[in-house]
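Listing of query_4.pdb; format and content: PDB, C-alpha atoms and all ligand atoms.
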```pdb
ATOM      1  CA  MET I 771     -83.453  43.141 -33.090  1.00  0.00           C
ATOM      2  CA  GLN I 772     -81.375  40.596 -31.233  1.00  0.00           C
ATOM      3  CA  THR I 773     -82.664  37.797 -29.073  1.00  0.00           C
ATOM      4  CA  PRO I 774     -80.656  36.173 -26.279  1.00  0.00           C
ATOM      5  CA  PHE I 775     -79.655  32.592 -26.955  1.00  0.00           C
ATOM      6  CA  LYS I 776     -81.573  30.235 -24.684  1.00  0.00           C
ATOM      7  CA  PRO I 777     -80.426  26.688 -23.955  1.00  0.00           C
ATOM      8  CA  MET I 778     -82.738  23.844 -24.758  1.00  0.00           C
ATOM      9  CA  LYS I 779     -83.113  20.420 -23.251  1.00  0.00           C
ATOM     10  CA  ALA I 780     -82.173  17.325 -25.137  1.00  0.00           C
ATOM     11  CA  GLN I 781     -85.166  16.096 -27.079  1.00  0.00           C
ATOM     12  CA  PHE I 782     -84.265  12.420 -27.104  1.00  0.00           C
ATOM     13  CA  PRO I 783     -84.947  11.642 -24.282  1.00  0.00           C
ATOM     14  CA  PRO I 784     -86.595  14.750 -22.818  1.00  0.00           C
ATOM     15  CA  THR I 785     -85.336  14.103 -19.277  1.00  0.00           C
ATOM     16  CA  LEU I 786     -82.027  13.073 -17.772  1.00  0.00           C
ATOM     17  CA  PRO I 787     -81.736   9.709 -16.027  1.00  0.00           C
ATOM     18  CA  ALA I 788     -81.673   9.561 -12.231  1.00  0.00           C
ATOM     19  CA  GLY I 789     -78.165   9.717 -10.780  1.00  0.00           C
ATOM     20  CA  ALA I 790     -76.797  11.669 -13.719  1.00  0.00           C
ATOM     21  CA  CYS I 791     -73.010  11.485 -13.799  1.00  0.00           C
ATOM     22  CA  ASP I 792     -70.590  14.417 -13.626  1.00  0.00           C
ATOM     23  CA  THR I 793     -70.361  14.742 -17.386  1.00  0.00           C
ATOM     24  CA  ARG I 794     -74.111  15.164 -17.509  1.00  0.00           C
ATOM     25  CA  ARG I 795     -73.913  17.886 -14.897  1.00  0.00           C
ATOM     26  CA  ALA I 796     -71.236  19.600 -16.977  1.00  0.00           C
ATOM     27  CA  PHE I 797     -73.538  19.366 -19.970  1.00  0.00           C
ATOM     28  CA  LEU I 798     -76.302  21.209 -18.107  1.00  0.00           C
ATOM     29  CA  ARG I 799     -73.936  23.734 -16.538  1.00  0.00           C
ATOM     30  CA  ASN I 800     -72.449  24.692 -19.868  1.00  0.00           C
ATOM     31  CA  SER I 801     -75.838  24.862 -21.524  1.00  0.00           C
ATOM     32  CA  ALA I 802     -76.328  27.735 -19.107  1.00  0.00           C
ATOM     33  CA  LEU I 803     -72.981  29.229 -20.175  1.00  0.00           C
ATOM     34  CA  LEU I 804     -74.179  29.313 -23.734  1.00  0.00           C
ATOM     35  CA  ALA I 805     -77.311  31.079 -22.575  1.00  0.00           C
ATOM     36  CA  ALA I 806     -75.263  33.705 -20.788  1.00  0.00           C
ATOM     37  CA  PHE I 807     -72.784  34.504 -23.520  1.00  0.00           C
ATOM     38  CA  PHE I 808     -74.253  34.038 -26.928  1.00  0.00           C
ATOM     39  CA  ILE I 809     -76.537  36.140 -28.977  1.00  0.00           C
ATOM     40  CA  VAL I 810     -78.177  34.944 -32.139  1.00  0.00           C
ATOM     41  CA  PRO I 811     -79.469  37.218 -34.857  1.00  0.00           C
ATOM     42  CA  GLY I 812     -83.105  38.093 -35.092  1.00  0.00           C
ATOM     43  CA  ALA I 813     -85.044  38.598 -38.302  1.00  0.00           C
ATOM     44  CA  PHE I 814     -82.985  39.775 -41.258  1.00  0.00           C
ATOM     45  CA  ALA I 815     -83.902  42.635 -43.514  1.00  0.00           C
ATOM     46  CA  GLU I 816     -82.169  41.064 -46.504  1.00  0.00           C
ATOM     47  CA  ALA I 817     -82.432  37.597 -47.935  1.00  0.00           C
ATOM     48  CA  LEU I 818     -79.886  35.232 -46.433  1.00  0.00           C
ATOM     49  CA  THR I 819     -77.473  32.979 -48.240  1.00  0.00           C
ATOM     50  CA  LEU I 820     -79.065  29.556 -48.546  1.00  0.00           C
ATOM     51  CA  THR I 821     -76.981  26.820 -46.968  1.00  0.00           C
ATOM     52  CA  PRO I 822     -75.544  24.777 -49.856  1.00  0.00           C
ATOM     53  CA  ARG I 823     -76.302  21.098 -50.195  1.00  0.00           C
ATOM     54  CA  GLN I 824     -73.434  18.683 -49.732  1.00  0.00           C
ATOM     55  CA  THR I 825     -73.198  14.986 -50.354  1.00  0.00           C
ATOM     56  CA  GLU I 826     -74.482  12.757 -47.552  1.00  0.00           C
ATOM     57  CA  GLY I 827     -71.426  10.558 -47.994  1.00  0.00           C
ATOM     58  CA  PRO I 828     -71.355   6.843 -47.256  1.00  0.00           C
ATOM     59  CA  PHE I 829     -71.393   6.988 -43.448  1.00  0.00           C
ATOM     60  CA  TYR I 830     -74.867   8.056 -42.267  1.00  0.00           C
ATOM     61  CA  PRO I 831     -75.251   5.387 -39.555  1.00  0.00           C
ATOM     62  CA  ASP I 832     -76.641   2.162 -40.987  1.00  0.00           C
ATOM     63  CA  LYS I 833     -77.635   1.263 -37.433  1.00  0.00           C
ATOM     64  CA  LEU I 834     -78.437   4.089 -35.018  1.00  0.00           C
ATOM     65  CA  PRO I 835     -76.686   4.226 -31.631  1.00  0.00           C
ATOM     66  CA  LEU I 836     -78.563   3.210 -28.472  1.00  0.00           C
ATOM     67  CA  ASP I 837     -78.760   6.893 -27.544  1.00  0.00           C
ATOM     68  CA  THR I 838     -79.647   9.523 -30.144  1.00  0.00           C
ATOM     69  CA  ASP I 839     -79.899  12.667 -27.998  1.00  0.00           C
ATOM     70  CA  ASN I 840     -77.975  15.922 -28.547  1.00  0.00           C
ATOM     71  CA  ASP I 841     -75.067  15.022 -26.261  1.00  0.00           C
ATOM     72  CA  LEU I 842     -72.664  12.974 -28.369  1.00  0.00           C
ATOM     73  CA  LEU I 843     -70.050  12.841 -25.607  1.00  0.00           C
ATOM     74  CA  VAL I 844     -72.007  10.454 -23.403  1.00  0.00           C
ATOM     75  CA  ILE I 845     -74.026   7.412 -24.418  1.00  0.00           C
ATOM     76  CA  ASN I 846     -77.029   7.087 -22.121  1.00  0.00           C
ATOM     77  CA  ASP I 847     -75.696   7.436 -18.549  1.00  0.00           C
ATOM     78  CA  ALA I 848     -72.202   6.050 -19.171  1.00  0.00           C
ATOM     79  CA  ALA I 849     -69.500   7.264 -16.780  1.00  0.00           C
ATOM     80  CA  THR I 850     -66.778   7.640 -19.418  1.00  0.00           C
ATOM     81  CA  PRO I 851     -67.102  10.434 -21.975  1.00  0.00           C
ATOM     82  CA  ALA I 852     -65.812  10.310 -25.535  1.00  0.00           C
ATOM     83  CA  LEU I 853     -62.294  11.317 -26.532  1.00  0.00           C
ATOM     84  CA  GLY I 854     -61.787  14.626 -28.323  1.00  0.00           C
ATOM     85  CA  GLU I 855     -61.994  18.387 -27.952  1.00  0.00           C
ATOM     86  CA  VAL I 856     -65.384  19.170 -26.440  1.00  0.00           C
ATOM     87  CA  THR I 857     -67.348  21.446 -28.749  1.00  0.00           C
ATOM     88  CA  TRP I 858     -70.810  22.948 -28.612  1.00  0.00           C
ATOM     89  CA  LEU I 859     -72.307  23.117 -32.082  1.00  0.00           C
ATOM     90  CA  HIS I 860     -75.320  25.399 -32.077  1.00  0.00           C
ATOM     91  CA  GLY I 861     -77.319  27.671 -34.305  1.00  0.00           C
ATOM     92  CA  ARG I 862     -80.726  28.229 -35.809  1.00  0.00           C
ATOM     93  CA  VAL I 863     -82.708  26.733 -38.638  1.00  0.00           C
ATOM     94  CA  LEU I 864     -84.067  29.632 -40.678  1.00  0.00           C
ATOM     95  CA  ASP I 865     -85.851  30.289 -43.916  1.00  0.00           C
ATOM     96  CA  GLY I 866     -84.401  32.672 -46.495  1.00  0.00           C
ATOM     97  CA  ARG I 867     -85.979  35.669 -44.775  1.00  0.00           C
ATOM     98  CA  GLY I 868     -84.427  34.847 -41.431  1.00  0.00           C
ATOM     99  CA  ASP I 869     -87.610  33.510 -39.883  1.00  0.00           C
ATOM    100  CA  PRO I 870     -87.123  30.486 -37.616  1.00  0.00           C
ATOM    101  CA  ILE I 871     -88.276  27.052 -38.671  1.00  0.00           C
ATOM    102  CA  ARG I 872     -89.829  25.096 -35.830  1.00  0.00           C
ATOM    103  CA  ASN I 873     -90.279  21.347 -35.621  1.00  0.00           C
ATOM    104  CA  ALA I 874     -87.204  20.843 -37.752  1.00  0.00           C
ATOM    105  CA  LEU I 875     -85.379  17.657 -36.839  1.00  0.00           C
ATOM    106  CA  VAL I 876     -81.644  18.397 -36.985  1.00  0.00           C
ATOM    107  CA  GLU I 877     -79.384  15.365 -37.187  1.00  0.00           C
ATOM    108  CA  ILE I 878     -75.591  15.414 -37.046  1.00  0.00           C
ATOM    109  CA  TRP I 879     -73.070  12.630 -37.503  1.00  0.00           C
ATOM    110  CA  GLN I 880     -69.289  12.599 -37.621  1.00  0.00           C
ATOM    111  CA  CYS I 881     -66.283  10.366 -37.101  1.00  0.00           C
ATOM    112  CA  ASP I 882     -64.795   9.931 -33.640  1.00  0.00           C
ATOM    113  CA  ALA I 883     -61.460  11.322 -32.427  1.00  0.00           C
ATOM    114  CA  ASN I 884     -59.709   8.405 -34.157  1.00  0.00           C
ATOM    115  CA  GLY I 885     -61.342   9.219 -37.495  1.00  0.00           C
ATOM    116  CA  VAL I 886     -63.764   6.267 -37.382  1.00  0.00           C
ATOM    117  CA  TYR I 887     -67.491   6.408 -38.206  1.00  0.00           C
ATOM    118  CA  LEU I 888     -70.305   4.437 -36.625  1.00  0.00           C
ATOM    119  CA  HIS I 889     -70.996   2.447 -39.785  1.00  0.00           C
ATOM    120  CA  SER I 890     -70.484  -1.158 -40.772  1.00  0.00           C
ATOM    121  CA  GLY I 891     -68.844   0.072 -43.993  1.00  0.00           C
ATOM    122  CA  ASP I 892     -66.030   1.789 -42.098  1.00  0.00           C
ATOM    123  CA  ASP I 893     -63.461  -0.989 -41.845  1.00  0.00           C
ATOM    124  CA  ARG I 894     -61.570   0.635 -38.963  1.00  0.00           C
ATOM    125  CA  GLN I 895     -64.116  -0.381 -36.294  1.00  0.00           C
ATOM    126  CA  ASP I 896     -61.342  -1.930 -34.169  1.00  0.00           C
ATOM    127  CA  ARG I 897     -60.144   1.640 -33.533  1.00  0.00           C
ATOM    128  CA  LYS I 898     -63.605   3.039 -32.770  1.00  0.00           C
ATOM    129  CA  ASP I 899     -64.042   5.115 -29.608  1.00  0.00           C
ATOM    130  CA  GLN I 900     -66.861   3.110 -28.035  1.00  0.00           C
ATOM    131  CA  ASN I 901     -67.839   6.078 -25.858  1.00  0.00           C
ATOM    132  CA  PHE I 902     -68.570   8.436 -28.743  1.00  0.00           C
ATOM    133  CA  GLN I 903     -72.230   8.503 -29.740  1.00  0.00           C
ATOM    134  CA  SER I 904     -71.311   9.484 -33.324  1.00  0.00           C
ATOM    135  CA  PHE I 905     -74.852  10.686 -34.143  1.00  0.00           C
ATOM    136  CA  GLY I 906     -77.409  12.943 -32.481  1.00  0.00           C
ATOM    137  CA  ARG I 907     -80.779  14.612 -33.018  1.00  0.00           C
ATOM    138  CA  PHE I 908     -82.460  17.814 -31.924  1.00  0.00           C
ATOM    139  CA  LEU I 909     -85.988  19.022 -32.624  1.00  0.00           C
ATOM    140  CA  THR I 910     -86.254  22.815 -32.947  1.00  0.00           C
ATOM    141  CA  GLY I 911     -88.841  24.851 -31.071  1.00  0.00           C
ATOM    142  CA  SER I 912     -90.378  28.200 -31.964  1.00  0.00           C
ATOM    143  CA  THR I 913     -87.010  29.982 -32.151  1.00  0.00           C
ATOM    144  CA  GLY I 914     -85.536  27.479 -34.608  1.00  0.00           C
ATOM    145  CA  GLU I 915     -82.548  26.979 -32.307  1.00  0.00           C
ATOM    146  CA  TYR I 916     -80.602  23.755 -31.938  1.00  0.00           C
ATOM    147  CA  GLN I 917     -77.529  22.701 -29.978  1.00  0.00           C
ATOM    148  CA  PHE I 918     -75.285  19.676 -29.654  1.00  0.00           C
ATOM    149  CA  ARG I 919     -72.399  18.804 -27.388  1.00  0.00           C
ATOM    150  CA  THR I 920     -69.902  16.922 -29.465  1.00  0.00           C
ATOM    151  CA  ILE I 921     -66.190  16.936 -30.387  1.00  0.00           C
ATOM    152  CA  LYS I 922     -64.253  19.181 -32.730  1.00  0.00           C
ATOM    153  CA  PRO I 923     -64.182  17.231 -35.994  1.00  0.00           C
ATOM    154  CA  VAL I 924     -60.929  15.606 -37.086  1.00  0.00           C
ATOM    155  CA  SER I 925     -59.684  14.619 -40.517  1.00  0.00           C
ATOM    156  CA  TYR I 926     -59.680  11.084 -41.879  1.00  0.00           C
ATOM    157  CA  PRO I 927     -58.045   9.805 -45.047  1.00  0.00           C
ATOM    158  CA  GLY I 928     -59.129  11.946 -47.980  1.00  0.00           C
ATOM    159  CA  ARG I 929     -61.203  14.466 -46.046  1.00  0.00           C
ATOM    160  CA  THR I 930     -60.760  17.722 -44.185  1.00  0.00           C
ATOM    161  CA  PRO I 931     -62.495  17.854 -40.769  1.00  0.00           C
ATOM    162  CA  HIS I 932     -66.285  18.235 -41.023  1.00  0.00           C
ATOM    163  CA  ILE I 933     -69.576  17.494 -39.313  1.00  0.00           C
ATOM    164  CA  HIS I 934     -72.453  16.116 -41.395  1.00  0.00           C
ATOM    165  CA  LEU I 935     -75.848  17.708 -40.814  1.00  0.00           C
ATOM    166  CA  LYS I 936     -79.300  16.791 -42.082  1.00  0.00           C
ATOM    167  CA  VAL I 937     -82.591  18.648 -41.566  1.00  0.00           C
ATOM    168  CA  LYS I 938     -85.962  16.921 -41.784  1.00  0.00           C
ATOM    169  CA  ARG I 939     -89.472  18.120 -41.119  1.00  0.00           C
ATOM    170  CA  ALA I 940     -92.593  15.999 -40.964  1.00  0.00           C
ATOM    171  CA  GLY I 941     -90.516  13.058 -42.149  1.00  0.00           C
ATOM    172  CA  LYS I 942     -89.374  14.904 -45.266  1.00  0.00           C
ATOM    173  CA  GLU I 943     -85.678  15.491 -45.882  1.00  0.00           C
ATOM    174  CA  LEU I 944     -85.082  19.205 -46.466  1.00  0.00           C
ATOM    175  CA  LEU I 945     -81.309  19.555 -46.522  1.00  0.00           C
ATOM    176  CA  VAL I 946     -78.101  17.561 -46.223  1.00  0.00           C
ATOM    177  CA  THR I 947     -74.896  19.521 -45.764  1.00  0.00           C
ATOM    178  CA  GLN I 948     -71.546  19.579 -43.982  1.00  0.00           C
ATOM    179  CA  CYS I 949     -70.013  22.091 -41.561  1.00  0.00           C
ATOM    180  CA  TYR I 950     -66.310  22.991 -41.774  1.00  0.00           C
ATOM    181  CA  ILE I 951     -63.748  24.676 -39.515  1.00  0.00           C
ATOM    182  CA  ALA I 952     -62.750  28.225 -40.497  1.00  0.00           C
ATOM    183  CA  GLY I 953     -58.994  28.554 -40.960  1.00  0.00           C
ATOM    184  CA  GLU I 954     -58.462  24.817 -41.440  1.00  0.00           C
ATOM    185  CA  PRO I 955     -55.728  24.527 -44.124  1.00  0.00           C
ATOM    186  CA  ARG I 956     -56.968  21.145 -45.360  1.00  0.00           C
ATOM    187  CA  ASN I 957     -60.253  22.712 -46.508  1.00  0.00           C
ATOM    188  CA  GLU I 958     -58.680  24.035 -49.698  1.00  0.00           C
ATOM    189  CA  LYS I 959     -57.469  20.568 -50.697  1.00  0.00           C
ATOM    190  CA  ASP I 960     -60.829  18.902 -50.076  1.00  0.00           C
ATOM    191  CA  SER I 961     -62.776  18.278 -53.306  1.00  0.00           C
ATOM    192  CA  ILE I 962     -66.166  18.105 -51.581  1.00  0.00           C
ATOM    193  CA  TYR I 963     -65.558  21.411 -49.816  1.00  0.00           C
ATOM    194  CA  ARG I 964     -64.297  22.999 -53.027  1.00  0.00           C
ATOM    195  CA  SER I 965     -67.318  21.764 -54.947  1.00  0.00           C
ATOM    196  CA  VAL I 966     -69.192  24.723 -53.451  1.00  0.00           C
ATOM    197  CA  LYS I 967     -68.087  27.369 -55.931  1.00  0.00           C
ATOM    198  CA  ASP I 968     -70.084  30.330 -54.687  1.00  0.00           C
ATOM    199  CA  GLU I 969     -67.996  32.296 -52.193  1.00  0.00           C
ATOM    200  CA  LYS I 970     -70.893  33.288 -49.930  1.00  0.00           C
ATOM    201  CA  ALA I 971     -72.301  29.780 -49.930  1.00  0.00           C
ATOM    202  CA  ARG I 972     -68.907  28.336 -49.053  1.00  0.00           C
ATOM    203  CA  ALA I 973     -68.475  30.883 -46.266  1.00  0.00           C
ATOM    204  CA  SER I 974     -71.860  29.907 -44.860  1.00  0.00           C
ATOM    205  CA  ILE I 975     -70.661  26.354 -44.142  1.00  0.00           C
ATOM    206  CA  THR I 976     -67.257  27.416 -42.784  1.00  0.00           C
ATOM    207  CA  VAL I 977     -67.512  28.543 -39.169  1.00  0.00           C
ATOM    208  CA  PRO I 978     -65.056  29.467 -36.394  1.00  0.00           C
ATOM    209  CA  PHE I 979     -64.521  26.913 -33.642  1.00  0.00           C
ATOM    210  CA  VAL I 980     -63.529  29.145 -30.737  1.00  0.00           C
ATOM    211  CA  PRO I 981     -63.174  28.876 -26.949  1.00  0.00           C
ATOM    212  CA  LEU I 982     -66.381  28.898 -24.949  1.00  0.00           C
ATOM    213  CA  PRO I 983     -66.067  31.906 -22.626  1.00  0.00           C
ATOM    214  CA  GLY I 984     -66.274  30.913 -18.988  1.00  0.00           C
ATOM    215  CA  SER I 985     -65.587  27.259 -19.633  1.00  0.00           C
ATOM    216  CA  ALA I 986     -63.152  25.840 -17.122  1.00  0.00           C
ATOM    217  CA  ALA I 987     -62.551  22.798 -19.290  1.00  0.00           C
ATOM    218  CA  ASP I 988     -61.230  24.442 -22.479  1.00  0.00           C
ATOM    219  CA  GLU I 989     -64.434  23.735 -24.336  1.00  0.00           C
ATOM    220  CA  LEU I 990     -65.105  25.201 -27.770  1.00  0.00           C
ATOM    221  CA  HIS I 991     -68.219  26.396 -29.492  1.00  0.00           C
ATOM    222  CA  ALA I 992     -69.225  26.895 -33.103  1.00  0.00           C
ATOM    223  CA  GLN I 993     -72.319  28.678 -34.377  1.00  0.00           C
ATOM    224  CA  PHE I 994     -73.716  27.201 -37.566  1.00  0.00           C
ATOM    225  CA  ASP I 995     -76.983  28.735 -38.760  1.00  0.00           C
ATOM    226  CA  VAL I 996     -78.766  26.741 -41.423  1.00  0.00           C
ATOM    227  CA  VAL I 997     -80.819  28.590 -44.021  1.00  0.00           C
ATOM    228  CA  LEU I 998     -83.396  26.643 -46.034  1.00  0.00           C
ATOM    229  CA  GLY I 999     -85.060  27.748 -49.223  1.00  0.00           C
ATOM    230  CA  LEU I1000     -88.608  27.528 -47.965  1.00  0.00           C
ATOM    231  CA  THR I1001     -91.087  29.477 -45.875  1.00  0.00           C
ATOM    232  CA  PRO I1002     -92.538  28.261 -42.555  1.00  0.00           C
ATOM    233  CA  GLY I1003     -95.617  26.168 -43.115  1.00  0.00           C
ATOM    234  CA  ALA I1004     -94.629  25.472 -46.722  1.00  0.00           C
TER     235      ALA I1004
HETATM  236 FE    FE I1101     -67.658  12.487 -43.588  1.00  0.00          FE
END
```

Encoded form using structure tokens:
Amino acid sequence: MQTPFKPMKAQFPPTLPAGACDTRRAFLRNSALLAAFFIVPGAFAEALTLTPRQTEGPFYPDKLPLDTDNDLLVINDAATPALGEVTWLHGRVLDGRGDPIRNALVEIWQCDANGVYLHSGDDRQDRKDQNFQSFGRFLTGSTGEYQFRTIKPVSYPGRTPHIHLKVKRAGKELLVTQCYIAGEPRNEKDSIYRSVKDEKARASITVPFVPLPGSAADELHAQFDVVLGLTPGA
């Protein structure tokens, strides 16, 4: 059985500020595009490949941004969006049987279009895109779905492009992993990517970043389902 993908509001904060700017309107409009075009799988008959753990790395923000919602392109109600290729990262948080996990707090963080992280330990802060939120959160509902508007990840010295993702529930950390771009040639030279030896596990964190149908602004989307080794309520 397949269930239509439904867009969800940002969880942090739950409502948009008055006088929302054009980029905010685009955010809402293209949330609807996702709803119209994308289908996510329903329950699976066979056990799914568990999403492999990856190192958290040194750049989980040591000080969170002023805005931690699921739109990383715009900080609060700023008029200027971040630099980069606009990408919708979306998917579901599932257990190994394909059942959705609700109340999972999904966090993502990544470097900006200049390859700079929001972290005091990244010594390239003078090149930081001040309009990129760098970090976002989304709390899943009953379908386990999440979505972020962010940028297509770029490489920085020593690493192939990736987005860091962490899942928590009830304050407990359940998974830390990274999401990679399918077809990216630098993946095969990246030691952290290659540390996942199992072919299926590696494939599960390597997803296509493809054009968002109907987007007038050349936006991309990437579906990244996250499978945890637990059962709901566990
Ligand atoms: Fe990283």

Using all atoms listed in the file, determine which residues fall within 9 Å of ligand FE 1101 (chain I), then list them as number ranges by chain.
I: 826-830, 879-881, 887, 925-926, 929-934, 948

The PyMOL selection byres (((chain I and resi 970-980) around 6) and not hetatm) applied to the shown file, residues as a compact mmCIF listing (two decimals) with C-alpha atoms, keeping the file's coordinate frame:
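Once written, expr16.txt looks like this:
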```
# COMPACT_ATOMS: atom_id res chain seq x y z
CA PRO I 822 -75.54 24.78 -49.86
CA CYS I 949 -70.01 22.09 -41.56
CA TYR I 950 -66.31 22.99 -41.77
CA ILE I 951 -63.75 24.68 -39.52
CA ALA I 952 -62.75 28.22 -40.50
CA VAL I 966 -69.19 24.72 -53.45
CA ASP I 968 -70.08 30.33 -54.69
CA GLU I 969 -68.00 32.30 -52.19
CA PRO I 981 -63.17 28.88 -26.95
CA LEU I 990 -65.10 25.20 -27.77
CA HIS I 991 -68.22 26.40 -29.49
CA ALA I 992 -69.22 26.90 -33.10
```

Of the residues I:Leu853, I:Ile962, I:Leu842, I:Ala883, which is the one nearest to Phe797 in chain I, using all atoms listed in the file?
I:Leu842

Using only C-alpha atoms, list the residues that have an atom at most 7 Å from (-66.7, 9.4, -27.0), coordinates as in the file, as a PDB file with C-alpha atoms, in the coordinates of the input.
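Okay, point.pdb is ready:
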```pdb
ATOM      1  CA  LEU I 843     -70.050  12.841 -25.607  1.00  0.00           C
ATOM      2  CA  VAL I 844     -72.007  10.454 -23.403  1.00  0.00           C
ATOM      3  CA  PRO I 851     -67.102  10.434 -21.975  1.00  0.00           C
ATOM      4  CA  ALA I 852     -65.812  10.310 -25.535  1.00  0.00           C
ATOM      5  CA  LEU I 853     -62.294  11.317 -26.532  1.00  0.00           C
ATOM      6  CA  ASP I 882     -64.795   9.931 -33.640  1.00  0.00           C
ATOM      7  CA  ASP I 899     -64.042   5.115 -29.608  1.00  0.00           C
ATOM      8  CA  GLN I 900     -66.861   3.110 -28.035  1.00  0.00           C
ATOM      9  CA  ASN I 901     -67.839   6.078 -25.858  1.00  0.00           C
ATOM     10  CA  PHE I 902     -68.570   8.436 -28.743  1.00  0.00           C
ATOM     11  CA  GLN I 903     -72.230   8.503 -29.740  1.00  0.00           C
TER      12      GLN I 903
END
```

Nearest to Pro927 in chain I, chosen from I:Ser904, I:Asn884, I:Asn846, I:Ser890, with only C-alpha atoms counted in the distances
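The closest residue to Pro927 in chain I is I:Asn884.
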
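For the pair CA of Leu982 in chain I and CA of Glu855 in chain I, the separation is 11.8 Å.
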
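CA of His860 in chain I is found 21.2 Å from CA of Pro835 in chain I.
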
Measuring atom to atom with all atoms listed in the file, identify which of I:Ala987, I:Val946, I:Ala817, I:Val937 is nearest to Asp865 in chain I.
I:Ala817

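Atom to atom, CA of Arg919 in chain I and CA of Leu1000 in chain I stand 27.6 Å apart.
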
So what does the PyMOL selection byres (((chain I and resi 840) around 7) and not hetatm) actually pick up in this one, as a compact mmCIF listing (two decimals) with C-alpha atoms, in the coordinates of the input?
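Writing done, so here's out_2.txt:
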```
# COMPACT_ATOMS: atom_id res chain seq x y z
CA ALA I 780 -82.17 17.32 -25.14
CA THR I 838 -79.65 9.52 -30.14
CA ASP I 839 -79.90 12.67 -28.00
CA ASP I 841 -75.07 15.02 -26.26
CA LEU I 842 -72.66 12.97 -28.37
CA GLY I 906 -77.41 12.94 -32.48
CA ARG I 907 -80.78 14.61 -33.02
CA PHE I 908 -82.46 17.81 -31.92
CA GLN I 917 -77.53 22.70 -29.98
CA PHE I 918 -75.28 19.68 -29.65
CA ARG I 919 -72.40 18.80 -27.39
```

Option closest in space to Asp960 in chain I, from I:Val886, I:Gly941, I:Gly868, I:Gly928 [counting all atoms listed in the file]:
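For Asp960 in chain I, the nearest of the candidates is I:Gly928.
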